[in-house]
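Notes for the one structure printed next.
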Amino acid sequence: QVQLQASGGGLVQDGGSLRLSCSASASINWINVMAWYRQAPGKQRELVAEIIDGSIVNYADSVKGRFTISRDIAKNTISLEMNNLKPEDTAVYYCNAQRGTLNYWGQGTLVTVSS
């Protein structure tokens with residue numbers, strides 16, 4: 001069992017930056033996929049960025065070039081550096097960890113980008 005705790009959300013102006021962090025209650029070294037998802041009001045949850053097997057990184061087209069996902073095995077954390085934020089980035093952001101059929105979610109952190 002892994003518990004995930006996301007933090008770092010807040011209110012930022014258009015063009016601003018935020019850094020989200022997700023701390024795991026146990027080692028993430030055995031986790032195959034660590035990811036950030038987001039869910040905007042009235043929309044489905046969508047993948048923002050993921051790290052697969054520690055080295056393969058994927059981003060949603062809408063955030064490429066602006067967001068950077070990273071993983072710190074020693075600290076059991078993943079982070080999401082978000083730059084040049086836009087109002088359409090407003091959403092609750094969730095961290096996620098997966099291995100096989102195991103799928104863990106954090107509680108979400110709200111990011112609001114004002115225009």
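Chain labels A, B, ... are given in the sequence in which chains occur in the structure tokens; within each chain residues are numbered consecutively from 1, and ligands are likewise numbered from 1 in the order shown.
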**Message:** Give me, as a list in words, all polymer residues having an atom no more than 8 Å from segment 41-50 of chain A, counting only C-alpha atoms and skipping those fewer than 4 positions away in the same chain.
**Reply:**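 Listing them by chain and then by number gives Val33, Met34, Ala35, Trp36, Tyr37, Ile56, Val57, Asn58, Tyr59, Ala60, Val63, Thr68, Ile69 and Ala91 of chain A.
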Restrict the selected residues to C-alpha atoms and save them as a PDB file, in the first residue's frame.
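The resulting file, selection-v2.pdb, is reproduced below:
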ATOM      1  CA  VAL A  33       4.613   4.487 -13.682  1.00  0.00           C
ATOM      2  CA  MET A  34       4.400   7.733 -11.770  1.00  0.00           C
ATOM      3  CA  ALA A  35       2.221  10.405 -13.217  1.00  0.00           C
ATOM      4  CA  TRP A  36       0.302  13.625 -12.805  1.00  0.00           C
ATOM      5  CA  TYR A  37      -3.295  13.877 -13.950  1.00  0.00           C
ATOM      6  CA  ILE A  56      10.476   7.274 -20.391  1.00  0.00           C
ATOM      7  CA  VAL A  57       8.694  10.600 -20.110  1.00  0.00           C
ATOM      8  CA  ASN A  58       5.445  11.539 -21.811  1.00  0.00           C
ATOM      9  CA  TYR A  59       3.521  14.789 -21.776  1.00  0.00           C
ATOM     10  CA  ALA A  60       0.103  15.853 -22.935  1.00  0.00           C
ATOM     11  CA  VAL A  63       1.680  21.121 -21.713  1.00  0.00           C
ATOM     12  CA  THR A  68       8.479  19.189 -16.528  1.00  0.00           C
ATOM     13  CA  ILE A  69       7.974  16.019 -14.502  1.00  0.00           C
ATOM     14  CA  ALA A  91      -7.784  22.088 -12.520  1.00  0.00           C
TER      15      ALA A  91
END
**Asked** Quick one: residues within 10 Å of segment 75-86 of chain A, only C-alpha atoms counted, chain neighbours fewer than 4 positions away excluded, as a PyMOL selection string?
**Response** chain A and resi 4-8+12-29+34-36+48-51+63+65-71+90+93+95-97+111-115
Print the selection's residues with C-alpha atoms to a file, as a PDB file, in the first residue's frame.
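Output (again13.pdb):
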ATOM      1  CA  LEU A   4       0.410   9.752  -1.991  1.00  0.00           C
ATOM      2  CA  GLN A   5       0.266  13.318  -0.713  1.00  0.00           C
ATOM      3  CA  ALA A   6       0.176  16.115  -3.254  1.00  0.00           C
ATOM      4  CA  SER A   7       1.005  19.727  -2.458  1.00  0.00           C
ATOM      5  CA  GLY A   8       2.003  22.991  -4.089  1.00  0.00           C
ATOM      6  CA  VAL A  12      -1.283  32.166  -9.961  1.00  0.00           C
ATOM      7  CA  GLN A  13      -1.633  34.708 -12.741  1.00  0.00           C
ATOM      8  CA  ASP A  14      -1.554  33.920 -16.432  1.00  0.00           C
ATOM      9  CA  GLY A  15       2.076  33.280 -17.395  1.00  0.00           C
ATOM     10  CA  GLY A  16       3.133  32.397 -13.870  1.00  0.00           C
ATOM     11  CA  SER A  17       4.764  29.281 -12.471  1.00  0.00           C
ATOM     12  CA  LEU A  18       4.066  26.675  -9.818  1.00  0.00           C
ATOM     13  CA  ARG A  19       5.803  23.530  -8.627  1.00  0.00           C
ATOM     14  CA  LEU A  20       3.719  20.595  -7.472  1.00  0.00           C
ATOM     15  CA  SER A  21       5.157  17.861  -5.275  1.00  0.00           C
ATOM     16  CA  CYS A  22       3.875  14.408  -4.444  1.00  0.00           C
ATOM     17  CA  SER A  23       5.292  12.503  -1.497  1.00  0.00           C
ATOM     18  CA  ALA A  24       4.873   8.740  -1.236  1.00  0.00           C
ATOM     19  CA  SER A  25       4.567   6.924   2.086  1.00  0.00           C
ATOM     20  CA  ALA A  26       6.837   4.120   0.869  1.00  0.00           C
ATOM     21  CA  SER A  27       9.604   3.551  -1.603  1.00  0.00           C
ATOM     22  CA  ILE A  28       8.670   4.329  -5.196  1.00  0.00           C
ATOM     23  CA  ASN A  29      11.608   2.414  -6.591  1.00  0.00           C
ATOM     24  CA  MET A  34       4.400   7.733 -11.770  1.00  0.00           C
ATOM     25  CA  ALA A  35       2.221  10.405 -13.217  1.00  0.00           C
ATOM     26  CA  TRP A  36       0.302  13.625 -12.805  1.00  0.00           C
ATOM     27  CA  VAL A  48      -0.655  15.562 -17.847  1.00  0.00           C
ATOM     28  CA  ALA A  49       2.732  13.857 -17.598  1.00  0.00           C
ATOM     29  CA  GLU A  50       4.185  10.485 -16.707  1.00  0.00           C
ATOM     30  CA  ILE A  51       7.490   8.774 -16.041  1.00  0.00           C
ATOM     31  CA  VAL A  63       1.680  21.121 -21.713  1.00  0.00           C
ATOM     32  CA  GLY A  65       7.477  22.707 -23.452  1.00  0.00           C
ATOM     33  CA  ARG A  66       5.876  24.262 -20.372  1.00  0.00           C
ATOM     34  CA  PHE A  67       5.709  21.455 -17.781  1.00  0.00           C
ATOM     35  CA  THR A  68       8.479  19.189 -16.528  1.00  0.00           C
ATOM     36  CA  ILE A  69       7.974  16.019 -14.502  1.00  0.00           C
ATOM     37  CA  SER A  70      10.760  14.644 -12.336  1.00  0.00           C
ATOM     38  CA  ARG A  71      11.285  11.856  -9.834  1.00  0.00           C
ATOM     39  CA  THR A  90      -6.892  25.460 -14.037  1.00  0.00           C
ATOM     40  CA  TYR A  93      -4.019  17.988 -10.098  1.00  0.00           C
ATOM     41  CA  CYS A  95      -0.477  12.325  -8.539  1.00  0.00           C
ATOM     42  CA  ASN A  96      -0.692   8.669  -9.468  1.00  0.00           C
ATOM     43  CA  ALA A  97       1.446   5.569  -9.054  1.00  0.00           C
ATOM     44  CA  VAL A 111      -4.281  24.967  -9.358  1.00  0.00           C
ATOM     45  CA  THR A 112      -6.098  28.134 -10.390  1.00  0.00           C
ATOM     46  CA  VAL A 113      -4.703  30.363 -13.126  1.00  0.00           C
ATOM     47  CA  SER A 114      -6.281  33.782 -13.383  1.00  0.00           C
ATOM     48  CA  SER A 115      -6.388  35.756 -16.629  1.00  0.00           C
TER      49      SER A 115
END
**Request:** Provide the atom CA of Leu102 of chain A to atom CA of Asp89 of chain A distance in Å, to one decimal place.
**Result:**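 It comes out at 27.9 Å.
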**Request:** Among the residues of chain A, find those DSSP assigns to strand (DSSP E) from the backbone and print them as a ChimeraX atom specification.
**Result:** /A:4-7,10-13,18-24,33-39,46-52,56-59,67-72,77-82,91-99,102-105,109-114
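Note that the spacing between atom CA of Asp72 of chain A and atom CA of Val92 of chain A amounts to 22.5 Å.
Across the model, the gap from atom CA of Gly9 of chain A to atom CA of Thr101 of chain A is 28.6 Å.
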**Message:** Taking only C-alpha atoms into account, name the residue in A:Ser62, A:Tyr94, A:Glu88, A:Gln1 that is nearest to Arg38 of chain A.
**Reply:**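 Under the stated criterion, the closest residue is A:Tyr94.
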